[in-house]
>>> print(open('data.cif').read())   # mmCIF, C-alpha atoms
data_upload
#
loop_
_atom_site.label_atom_id
_atom_site.label_comp_id
_atom_site.auth_asym_id
_atom_site.auth_seq_id
_atom_site.Cartn_x
_atom_site.Cartn_y
_atom_site.Cartn_z
CA MET X 1 -6.85 11.14 25.05
CA GLU X 2 -8.25 7.67 25.58
CA SER X 3 -8.01 6.98 21.84
CA VAL X 4 -4.28 7.75 22.00
CA ILE X 5 -3.84 5.34 24.91
CA THR X 6 -5.81 2.67 23.05
CA ALA X 7 -3.76 3.27 19.93
CA TRP X 8 -0.48 3.00 21.84
CA GLY X 9 -1.64 -0.31 23.28
CA ALA X 10 -2.55 -1.58 19.82
CA LEU X 11 0.80 -0.36 18.48
CA GLY X 12 2.61 -2.24 21.24
CA ALA X 13 0.64 -5.40 20.44
CA ALA X 14 1.51 -4.99 16.75
CA PHE X 15 5.20 -4.68 17.61
CA ASP X 16 4.96 -7.83 19.74
CA LEU X 17 3.47 -9.67 16.76
CA ILE X 18 5.91 -8.43 14.13
CA PHE X 19 9.08 -8.87 16.22
CA HIS X 20 8.38 -12.57 16.78
CA PRO X 21 11.24 -14.59 15.23
CA THR X 22 8.94 -16.41 12.83
CA GLN X 23 7.47 -13.18 11.47
CA LEU X 24 10.95 -11.63 11.22
CA ALA X 25 12.05 -14.63 9.14
CA TYR X 26 9.08 -14.20 6.79
CA LEU X 27 9.76 -10.46 6.63
CA ALA X 28 13.42 -11.09 5.71
CA GLY X 29 12.32 -13.63 3.10
CA GLY X 30 9.93 -11.07 1.63
CA VAL X 31 12.70 -8.47 1.53
CA LEU X 32 15.04 -10.85 -0.32
CA LEU X 33 12.29 -11.81 -2.74
CA GLY X 34 11.36 -8.14 -3.25
CA LEU X 35 14.98 -7.23 -3.96
CA SER X 36 15.29 -10.00 -6.52
CA VAL X 37 11.97 -9.15 -8.21
CA GLY X 38 12.55 -5.40 -8.16
CA VAL X 39 15.93 -5.57 -9.86
CA PHE X 40 14.34 -6.69 -13.12
CA PRO X 41 12.91 -3.74 -15.06
CA GLY X 42 9.19 -4.01 -15.63
CA LEU X 43 8.53 -6.36 -12.72
CA GLY X 44 7.08 -4.43 -9.82
CA GLY X 45 5.05 -4.88 -6.70
CA ILE X 46 2.02 -6.31 -8.47
CA ALA X 47 4.10 -8.97 -10.24
CA GLY X 48 5.87 -9.84 -7.00
CA LEU X 49 2.60 -10.15 -5.13
CA SER X 50 1.21 -12.29 -7.94
CA LEU X 51 4.17 -14.64 -7.60
CA VAL X 52 3.85 -14.95 -3.84
CA LEU X 53 0.05 -15.01 -3.55
CA PRO X 54 -0.41 -18.78 -4.08
CA PHE X 55 1.95 -19.49 -1.18
CA VAL X 56 0.22 -17.03 1.16
CA TYR X 57 -3.14 -18.83 1.10
CA GLY X 58 -2.02 -21.70 3.32
CA MET X 59 -0.06 -19.52 5.75
CA ASP X 60 -0.82 -17.87 9.04
CA PRO X 61 -2.28 -14.40 8.24
CA ILE X 62 0.38 -12.51 10.19
CA SER X 63 3.20 -14.41 8.53
CA GLY X 64 1.62 -13.90 5.11
CA LEU X 65 1.28 -10.16 5.71
CA ALA X 66 4.89 -9.99 6.90
CA LEU X 67 6.01 -11.72 3.70
CA MET X 68 3.95 -9.43 1.47
CA VAL X 69 4.94 -6.23 3.32
CA GLY X 70 8.61 -7.19 3.10
CA LEU X 71 8.23 -7.84 -0.62
CA VAL X 72 6.39 -4.63 -1.47
CA ALA X 73 8.41 -2.32 0.79
CA VAL X 74 11.76 -2.84 -0.93
CA ILE X 75 10.67 -2.82 -4.58
CA PRO X 76 11.06 0.98 -4.98
CA THR X 77 14.54 0.63 -3.47
CA SER X 78 15.58 -2.26 -5.70
CA ASP X 79 14.39 -0.36 -8.79
CA THR X 80 17.37 1.90 -8.21
CA PHE X 81 19.83 -0.65 -9.58
CA SER X 82 18.33 -0.76 -13.07
CA SER X 83 17.63 2.98 -13.04
CA VAL X 84 21.16 4.02 -12.16
CA LEU X 85 23.21 1.33 -13.86
CA MET X 86 21.20 0.74 -17.06
CA GLY X 87 19.11 3.89 -17.40
CA ILE X 88 15.87 1.86 -17.41
CA PRO X 89 13.29 2.77 -14.78
CA GLY X 90 12.02 -0.39 -13.14
CA SER X 91 8.73 1.29 -12.24
CA SER X 92 7.19 4.73 -12.17
CA ALA X 93 8.72 5.35 -8.73
CA SER X 94 12.24 5.32 -10.16
CA GLN X 95 11.81 7.55 -13.20
CA ALA X 96 13.39 10.56 -11.52
CA THR X 97 16.35 8.41 -10.45
CA VAL X 98 17.16 7.80 -14.12
CA LEU X 99 17.47 11.53 -14.76
CA ASP X 100 20.10 12.04 -12.05
CA GLY X 101 21.58 8.61 -11.40
CA PHE X 102 22.29 7.36 -14.90
CA PRO X 103 24.36 10.42 -15.93
CA LEU X 104 26.35 10.02 -12.71
CA ALA X 105 26.92 6.35 -13.52
CA LYS X 106 28.17 7.29 -17.01
CA MET X 107 30.64 9.68 -15.34
CA GLY X 108 31.96 6.82 -13.17
CA GLN X 109 30.10 7.81 -9.98
CA ALA X 110 27.55 4.99 -9.83
CA ALA X 111 28.35 4.24 -6.17
CA ARG X 112 27.60 7.85 -5.26
CA ALA X 113 24.27 7.77 -7.10
CA LEU X 114 23.27 4.44 -5.54
CA SER X 115 24.19 5.55 -2.04
CA ALA X 116 22.26 8.81 -2.44
CA ALA X 117 19.19 6.93 -3.69
CA PHE X 118 19.38 4.36 -0.89
CA THR X 119 19.79 7.07 1.76
CA ALA X 120 16.82 9.00 0.38
CA SER X 121 14.77 5.79 0.33
CA LEU X 122 15.69 5.04 3.95
CA PHE X 123 14.77 8.45 5.30
CA GLY X 124 11.67 8.70 3.11
CA GLY X 125 10.43 5.33 4.31
CA LEU X 126 11.04 6.13 7.98
CA PHE X 127 9.42 9.55 7.70
CA GLY X 128 6.43 8.11 5.85
CA ALA X 129 5.97 5.39 8.46
CA LEU X 130 6.03 7.96 11.28
CA VAL X 131 3.55 10.25 9.51
CA LEU X 132 1.16 7.40 8.75
CA THR X 133 1.36 6.13 12.32
CA ALA X 134 0.51 9.60 13.61
CA PHE X 135 -2.26 9.93 11.02
CA VAL X 136 -3.91 6.75 12.30
CA LEU X 137 -4.41 8.49 15.64
CA VAL X 138 -6.30 11.29 13.89
CA ALA X 139 -8.20 9.17 11.34
CA ARG X 140 -9.35 6.40 13.68
CA PRO X 141 -12.04 8.42 15.52
CA VAL X 142 -13.29 9.87 12.23
CA VAL X 143 -13.59 6.45 10.60
CA LEU X 144 -15.25 4.88 13.63
CA ALA X 145 -17.72 7.79 13.85
CA PHE X 146 -19.22 6.85 10.46
CA GLY X 147 -22.75 5.70 11.11
CA LEU X 148 -25.82 5.18 8.98
CA PRO X 149 -26.35 8.88 8.09
CA GLU X 150 -22.76 9.29 6.95
CA MET X 151 -22.91 6.10 4.90
CA LEU X 152 -26.15 7.34 3.32
CA MET X 153 -24.39 10.59 2.45
CA VAL X 154 -21.49 8.70 0.85
CA THR X 155 -23.92 6.48 -1.06
CA VAL X 156 -25.87 9.47 -2.40
CA LEU X 157 -22.62 11.19 -3.35
CA ALA X 158 -21.44 8.05 -5.16
CA CYS X 159 -24.74 7.83 -7.04
CA ARG X 160 -24.54 11.48 -8.04
CA TRP X 161 -20.98 11.04 -9.28
CA TRP X 162 -22.06 7.92 -11.13
CA ARG X 163 -24.81 9.87 -12.88
CA PHE X 164 -22.43 12.76 -13.60
CA TRP X 165 -19.83 10.53 -15.23
CA ARG X 166 -22.40 8.54 -17.18
CA GLY X 167 -23.70 11.77 -18.75
CA ALA X 168 -24.98 10.68 -22.16
CA PHE X 169 -26.07 7.29 -20.87
CA LEU X 170 -28.54 8.71 -18.38
CA SER X 171 -30.98 5.81 -18.60
CA ARG X 172 -28.29 3.20 -17.94
CA GLY X 173 -26.93 5.22 -15.00
CA SER X 174 -30.44 5.61 -13.58
CA LEU X 175 -30.99 1.84 -13.76
CA GLN X 176 -27.72 1.17 -11.94
CA GLN X 177 -28.42 3.59 -9.10
CA PRO X 178 -30.96 1.43 -7.23
CA TRP X 179 -28.63 -1.56 -7.48
CA ALA X 180 -25.75 0.51 -6.04
CA SER X 181 -27.96 1.76 -3.21
CA TRP X 182 -29.10 -1.78 -2.37
CA TRP X 183 -25.51 -3.03 -2.42
CA ALA X 184 -24.29 -0.20 -0.18
CA ARG X 185 -27.00 -0.93 2.41
CA SER X 186 -26.68 -4.72 2.34
CA GLU X 187 -23.49 -4.95 4.41
CA ARG X 188 -22.34 -3.29 7.60
CA PRO X 189 -19.22 -1.22 6.90
CA ALA X 190 -17.24 -2.23 10.00
CA LEU X 191 -18.36 -5.81 10.59
CA GLY X 192 -19.15 -7.22 7.15
CA VAL X 193 -22.26 -8.97 8.50
CA PRO X 194 -25.57 -8.81 6.59
CA ARG X 195 -28.14 -6.61 8.28
CA ALA X 196 -31.24 -8.13 9.81
#
>>> encode(input="data.cif", output="structure tokens")
Amino acid sequence: MESVITAWGALGAAFDLIFHPTQLAYLAGGVLLGLSVGVFPGLGGIAGLSLVLPFVYGMDPISGLALMVGLVAVIPTSDTFSSVLMGIPGSSASQATVLDGFPLAKMGQAARALSAAFTASLFGGLFGALVLTAFVLVARPVVLAFGLPEMLMVTVLACRWWRFWRGAFLSRGSLQQPWASWWARSERPALGVPRA
């Protein structure tokens, strides 16, 4: 119960940060940039982030995150224009929209297809945000409970998978295992500080 109260406090602090007028301006700028990048077929979230990344380095971290979240959040929505009107999926997220939306546009019902896609995007985004927010309440205690034994278990599992996938190159995989074990133990997972 105390983790829920702590999480609600953190959620309130996050809302205070994001609803500041400066962050809202950066969020709106990111949305406009994401809409303009997403309309072009083939340009997606990675290309948009690559364009905006040089400008983010000199910014306040919260403003930079607001800009990047605004950019990435609307790209699946802006892909709808090229999918419905031209029959070209802007990214893999809009491939199904081509199958239904483009035939509707050829029949003269492009506005109906666009409004259906935008409504589905709105409700899908809101539902996903609510589910992920609720999932943080469940996942937070599990993630914070990871100690040294659990990290050792994950390291051993990673080494076993490494050896399994290397198969024919058993000697090369065996030489890389000690390096992977040293690298996994050299940093603390939550703090990022070298161990003494």
>>> residues_around(input="data.cif", residues="Pro76 (chain X)", least_positions_apart="5", cutoff="10 Å", atoms="only C-alpha atoms", output="VMD selection string")
chain X and resid 34 to 35 38 to 39 44 to 45 90 to 94 118 121
>>> closest_residue(input="data.cif", among="X:Pro41, X:Leu11, X:Ala73, X:Ile46", to="Gly124 (chain X)", atoms="only C-alpha atoms")
X:Ala73
>>> atom_distance(input="data.cif", atom1="CA of Pro54 (chain X)", atom2="CA of Leu32 (chain X)")
17.8 Å
>>> closest_residue(input="data.cif", among="X:Ala96, X:Leu53, X:Leu67, X:Ala28", to="Asp79 (chain X)", atoms="all atoms listed in the file")
X:Ala96
>>> resolve_selection(input="data.cif", expression="the PyMOL selection byres ((chain X and resi 24) around 12)", output="list in words")
Phe15, Asp16, Leu17, Ile18, Phe19, His20, Pro21, Thr22, Gln23, Ala25, Tyr26, Leu27, Ala28, Gly29, Gly30, Val31, Ile62, Ser63, Gly64, Leu65, Ala66, Leu67, Val69 and Gly70 of chain X
>>> axis_aligned_box(input="data.cif", around="region 96-111 of chain X", padding_each_side="3 Å", output="AutoDock Vina command-line options")
--center_x 22.7 --center_y 8.1 --center_z -11.6 --size_x 24.6 --size_y 13.8 --size_z 16.8
>>> atom_distance(input="data.cif", atom1="CA of Pro61 (chain X)", atom2="CA of Ala14 (chain X)")
13.2 Å
>>> atom_distance(input="data.cif", atom1="CA of Met86 (chain X)", atom2="CA of Gly48 (chain X)")
21.2 Å
>>> closest_residue(input="data.cif", among="X:Val84, X:Leu71, X:Ile5, X:Ala134", to="Gln109 (chain X)", atoms="all atoms listed in the file")
X:Val84
>>> closest_residue(input="data.cif", among="X:Leu49, X:Ala10, X:Leu104, X:Ala113", to="Thr133 (chain X)", atoms="all atoms listed in the file")
X:Ala10
>>> closest_residue(input="data.cif", among="X:Ile75, X:Val156, X:Leu99, X:Ala111", to="Phe40 (chain X)", atoms="all atoms listed in the file")
X:Ile75
>>> closest_residue(input="data.cif", among="X:Val131, X:Ala7, X:Met151, X:Leu114", to="Ser82 (chain X)", atoms="all atoms listed in the file")
X:Leu114
